[in-house]
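Scroll down for the structure; my scribbles are underneath it.
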Amino acid sequence: MLNQPTAICSRADSDAARVFLIFSGSNTRAVVAFCRALAARHLAIVIVARTEEDPILRTRYRRNVVAVRALNQLDFADLDRCLHQARRTTGAQQFIVCPTSEFLDLFLLENREFFASRGCILPLVDRDLYRSVSDKHSFSRICQRQGIAIPRPIALEASPKFPFVAKPRYNITADQRSLYPHLIFDATDLAAFHSNETSDDFYFEEYVVGPSYYLLYYLSRRGAVTAWSQQNLAQQPGGKSIVLARSAQIHSQPIAARFVEILHGLGFWGLAMIEIIRQGEDDVFIELNPRFWGPFQLLLNAGSPLLDAFIDDQLDLAPAAYPAPARPQAGYLWLGGMAEAWATGRALRWHDGAPQQRRALCIARQLRSDVYARPDTAALFFHELKRAARRRWTRGPLDDHNP
């Protein structure tokens with residue numbers, strides 16, 4: 001329990017004019033990785049936790065929590081109290097609010113004046129542009145008009161051809177519900193979709209199979225581009241989080257430059273993760289997330305300067321000449337995410353096409369790359385494994401930390 005949080009900032013002059021403020025409680029893997037990036041540069045780490053159930057409180061970064069939200073939902077009075085406490089604790093004049101999740105980002109953009117009046121800077125484009133690139137349907141159409149391959153549309157008929165994907169037209173509904181894609185493999189999946197969702201909120205596409213990649217960018221406000229890429233090897237069932245990945249080099253290929261052209265043409269800047277699936281000779285666009293993404297740790301494992309570029313731009317530092325990544329063959333593992341899948345009895349979705357024996361070897365080789373099997377997050381690492389084991393034997397629900 002954390003009743004009276006006392007922040008220990010990673011920088012002696014914690015009353016710097018501008019510091020990063022992290023609302024934690026969702027996308028914890030990315031939050032932890034970003035804290036590590038700040039710590040490596042001896043910059044202040046300032047966190048507002050999401051109630052006392054926040055996973056960040058099981059890490060060393062609990063020392064950097066300046067306030068704890070009383071409510072799970074985003075409440076103005078609660079946020080105002082937390083921001084006031086953060087300023088009083090740190091002495092900072094301005095907070096750069098980290099774009100940790102889709103739900104938070106849209107809330108920030110919908111209420112930009114509220115946060116601006118409290119000294120908060122949002123490292124985000126305006127709401128309309130954010131939604132046009134983040135909502136899968138709108139950016140798919142933009143990509144298609146620019147000659148990028150997208151999945152073929154599927155008509156939802158009485159007897160559709162399986163498998164296919166139901167994708168939300170928009171990520172957040174008017175009544176503030178988060179929508180997620182559904183992978184529909186058979187009639188049972190389709191019946192479950194109809195019982196839980198409104199079909200008009202979704203559109204339907206073919207299920208694309210092939211090697212999966214993330215193109216990773218920071219597009220600065222000055223026009224500079226810092227890029228990296230990863231190949232996704234394994235994913236949680238249902239198209240959820242990536243649990244195993246390795247660095248790739250497709251950010252140096254023409255497809256990466258094409259997306260930069262498109263985003264610059266729209267006037268976009270900021271963080272962007274673009275998923276593509278390589279199908280034959282086509283790179284098929286799947287989605288874009290203009291925010292923190294889960295496998296941030298891979299950037300640190302590889303020595304990629306992408307997060308440094310983001311940090312420097314937001315702190316208005318002069319553009320740096322970043323060194324080449326020190327470990328270009330780095331990997332990424334989230335063993336706790338694999339354990340979650342094991343706990344439910346559902347198989348991971350593999351993108352590599354390798355036989356099962358090689359997959360086990362691939363996991364073993366990346367054990368040192370695990371995002372949480374480290375001194376600063378050891379307690380959270382063991383908590384996730386124990387929680388998954390309890391669920392495996394009891395089949396009870398896991399704790400939910402969605403925004």
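Residues in the structure tokens are named by chain (A, B, ... in the order shown) and by number from 1 within that chain; ligands are numbered from 1 in the order shown.
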
* To do: Write down as a PyMOL selection string the residues of stretch 169-378 of chain A whose backbone DSSP state falls under strand (DSSP E or B).
  => chain A and resi 172+178+182-184+202-206+212-219+225-235+242-247+270-279+282-289+331-333+349-350+370

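Every protein, DNA or RNA residue with an atom at most 6 Å from stretch 242-256 of chain A, where only C-alpha atoms count and chain neighbours fewer than 6 positions away do not, is listed here: A:Trp228, A:Ser229, A:Gln230, A:Gln231, A:Asn232, A:Leu233, A:Ala234, A:Gln235, A:Gln329, A:Ala330, A:Gly331, A:Tyr332, A:Leu333, A:Trp334, A:Gly337.
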
Would you save the residues from that selection as a tab-separated table (two decimals), in the first residue's frame, using C-alpha atoms?
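What landed in result.tsv:
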```tsv
chain	number	residue	atom	x	y	z
A	228	TRP	CA	13.95	1.17	-36.09
A	229	SER	CA	12.10	-2.07	-36.81
A	230	GLN	CA	11.36	-5.44	-35.32
A	231	GLN	CA	10.15	-8.82	-36.52
A	232	ASN	CA	7.36	-10.22	-34.38
A	233	LEU	CA	7.84	-13.91	-33.70
A	234	ALA	CA	5.10	-14.73	-31.19
A	235	GLN	CA	1.94	-13.02	-30.03
A	329	GLN	CA	20.63	-8.24	-33.38
A	330	ALA	CA	18.83	-7.70	-30.06
A	331	GLY	CA	15.70	-9.58	-29.02
A	332	TYR	CA	12.67	-9.01	-26.83
A	333	LEU	CA	10.75	-11.40	-24.58
A	334	TRP	CA	7.74	-11.03	-22.28
A	337	GLY	CA	2.64	-12.59	-21.41
```

* Structure fact -> Min atom-atom distance to A:Leu79 from the set A:Asn111, A:Thr226, A:Ser220, A:Gln356, counting only C-alpha atoms, belongs to A:Asn111

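What separates atom CA of A:Val46 from atom CA of A:Ala378 is a distance of 20.6 Å.
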
* To do: Please identify all polymer residues within 12 Å of stretch 190-199 of chain A, counting only C-alpha atoms, omitting same-chain residues fewer than 3 positions from it, and present them as a PyMOL selection string.
  => chain A and resi 155-169+173+177-187+202-204

Please write the residues from the selection above to a file, keeping C-alpha atoms, as an mmCIF file, in the first residue's frame.
```
data_model
loop_
_atom_site.group_PDB
_atom_site.id
_atom_site.type_symbol
_atom_site.label_atom_id
_atom_site.label_comp_id
_atom_site.auth_asym_id
_atom_site.auth_seq_id
_atom_site.Cartn_x
_atom_site.Cartn_y
_atom_site.Cartn_z
ATOM 1 C CA ALA A 155 -18.625 -8.895 -46.779
ATOM 2 C CA LEU A 156 -20.238 -10.203 -43.606
ATOM 3 C CA GLU A 157 -22.643 -12.675 -45.174
ATOM 4 C CA ALA A 158 -24.750 -15.425 -43.681
ATOM 5 C CA SER A 159 -21.971 -17.955 -44.421
ATOM 6 C CA PRO A 160 -18.705 -15.989 -44.569
ATOM 7 C CA LYS A 161 -15.420 -17.569 -45.536
ATOM 8 C CA PHE A 162 -13.267 -18.170 -42.455
ATOM 9 C CA PRO A 163 -10.923 -16.954 -41.138
ATOM 10 C CA PHE A 164 -11.320 -13.172 -41.235
ATOM 11 C CA VAL A 165 -10.793 -10.155 -38.980
ATOM 12 C CA ALA A 166 -13.372 -7.761 -37.544
ATOM 13 C CA LYS A 167 -11.650 -4.396 -37.121
ATOM 14 C CA PRO A 168 -13.112 -1.407 -35.256
ATOM 15 C CA ARG A 169 -13.876 1.639 -37.397
ATOM 16 C CA THR A 173 -16.662 4.851 -29.151
ATOM 17 C CA ARG A 177 -15.684 2.165 -24.840
ATOM 18 C CA SER A 178 -12.411 0.838 -26.229
ATOM 19 C CA LEU A 179 -12.836 -1.417 -29.260
ATOM 20 C CA TYR A 180 -10.351 -4.067 -30.338
ATOM 21 C CA PRO A 181 -9.982 -6.323 -33.395
ATOM 22 C CA HIS A 182 -11.500 -9.814 -33.312
ATOM 23 C CA LEU A 183 -9.888 -12.744 -35.103
ATOM 24 C CA ILE A 184 -12.775 -14.896 -36.314
ATOM 25 C CA PHE A 185 -11.776 -18.426 -37.232
ATOM 26 C CA ASP A 186 -15.113 -20.238 -37.162
ATOM 27 C CA ALA A 187 -18.845 -19.989 -36.508
ATOM 28 C CA PHE A 202 -16.636 -2.772 -37.254
ATOM 29 C CA TYR A 203 -15.510 -3.502 -40.781
ATOM 30 C CA PHE A 204 -14.254 -6.859 -42.015
#
```

* To do: Just the residues within 6 Å of stretch 27-38 of chain A, please, counting only C-alpha atoms, with nothing from its chain fewer than 5 positions along; format it as a VMD selection string.
  => chain A and resid 43 294 296 to 297

Please produce an output containing N, CA and C atoms for each residue in the selection, written as a PDB file, in the first residue's frame.
```pdb
ATOM      1  N   LEU A  43      17.584  11.691 -15.913  1.00  0.00           N
ATOM      2  CA  LEU A  43      16.460  12.627 -15.992  1.00  0.00           C
ATOM      3  C   LEU A  43      15.403  12.235 -14.970  1.00  0.00           C
ATOM      4  N   GLY A 294       4.055  -1.609 -26.633  1.00  0.00           N
ATOM      5  CA  GLY A 294       4.478  -2.541 -25.599  1.00  0.00           C
ATOM      6  C   GLY A 294       5.954  -2.922 -25.624  1.00  0.00           C
ATOM      7  N   PHE A 296       8.706  -1.548 -26.159  1.00  0.00           N
ATOM      8  CA  PHE A 296       9.694  -0.468 -26.089  1.00  0.00           C
ATOM      9  C   PHE A 296      11.072  -0.993 -25.683  1.00  0.00           C
ATOM     10  N   GLN A 297      11.078  -2.022 -24.839  1.00  0.00           N
ATOM     11  CA  GLN A 297      12.343  -2.526 -24.307  1.00  0.00           C
ATOM     12  C   GLN A 297      13.289  -2.973 -25.411  1.00  0.00           C
TER      13      GLN A 297
END
```

* To do: Mind checking which residues fall within 8 Å of A:Leu380, counting only C-alpha atoms, ignoring those fewer than 5 positions away in the same chain, and posting them as a PyMOL selection string?
  => chain A and resi 55+58-59+372

Helix (DSSP H, G or I) residues, from DSSP on the backbone, in stretch 78-203 of chain A, as a compact mmCIF listing (two decimals) with C-alpha atoms, in the first residue's frame:
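Final file, selection01.txt:
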```
# COMPACT_ATOMS: atom_id res chain seq x y z
CA ASP A 78 -8.83 13.38 -9.18
CA LEU A 79 -6.41 14.35 -11.96
CA ASP A 80 -6.27 17.95 -10.73
CA ARG A 81 -5.29 16.74 -7.27
CA CYS A 82 -2.60 14.47 -8.71
CA LEU A 83 -1.15 17.19 -10.93
CA HIS A 84 -1.07 19.63 -8.00
CA GLN A 85 0.73 17.03 -5.89
CA ALA A 86 3.18 16.31 -8.70
CA ARG A 87 4.08 19.99 -9.03
CA ARG A 88 4.41 20.44 -5.30
CA THR A 89 6.69 17.37 -5.03
CA THR A 90 8.92 18.10 -8.02
CA GLU A 102 -4.83 5.22 -26.79
CA PHE A 103 -7.55 5.92 -24.24
CA LEU A 104 -5.39 8.40 -22.33
CA ASP A 105 -4.20 10.12 -25.51
CA LEU A 106 -7.72 10.79 -26.74
CA PHE A 107 -8.78 12.01 -23.29
CA LEU A 108 -5.81 14.40 -23.27
CA LEU A 109 -6.65 15.70 -26.74
CA GLU A 110 -10.35 16.08 -25.97
CA ARG A 112 -6.31 19.92 -24.11
CA GLU A 113 -7.26 23.25 -22.50
CA PHE A 114 -7.72 21.64 -19.08
CA PHE A 115 -4.22 20.19 -19.17
CA ALA A 116 -2.61 23.25 -20.77
CA ARG A 127 -7.19 15.36 -32.22
CA ASP A 128 -8.47 15.09 -35.80
CA LEU A 129 -5.08 14.17 -37.23
CA TYR A 130 -4.43 11.77 -34.35
CA ARG A 131 -7.68 9.94 -35.03
CA SER A 132 -7.15 9.87 -38.77
CA VAL A 133 -3.89 7.92 -38.36
CA SER A 134 -4.86 5.92 -35.27
CA LYS A 136 -7.64 1.63 -38.46
CA HIS A 137 -10.33 2.25 -41.07
CA SER A 138 -9.34 5.83 -41.87
CA PHE A 139 -5.59 5.25 -42.11
CA SER A 140 -6.07 2.08 -44.15
CA ARG A 141 -7.90 4.14 -46.75
CA ILE A 142 -5.17 6.79 -46.68
CA CYS A 143 -2.54 4.10 -47.26
CA GLN A 144 -4.56 2.51 -50.06
CA ARG A 145 -4.82 5.84 -51.87
CA ALA A 187 -18.85 -19.99 -36.51
CA THR A 188 -18.30 -20.10 -32.73
CA ASP A 189 -16.03 -17.05 -32.89
CA LEU A 190 -18.56 -15.28 -35.09
CA ALA A 191 -21.41 -15.99 -32.69
CA ALA A 192 -19.33 -14.67 -29.79
CA PHE A 193 -18.55 -11.52 -31.80
CA HIS A 194 -22.22 -10.88 -32.52
CA SER A 195 -23.18 -11.40 -28.89
CA ASN A 196 -20.58 -8.94 -27.59
CA SER A 199 -21.47 -4.99 -36.17
CA ASP A 200 -21.85 -1.41 -37.40
CA ASP A 201 -18.85 -0.43 -35.23
```

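Coordinates place atom CA of A:Val225 at a distance of 14.3 Å from atom CA of A:Pro290.
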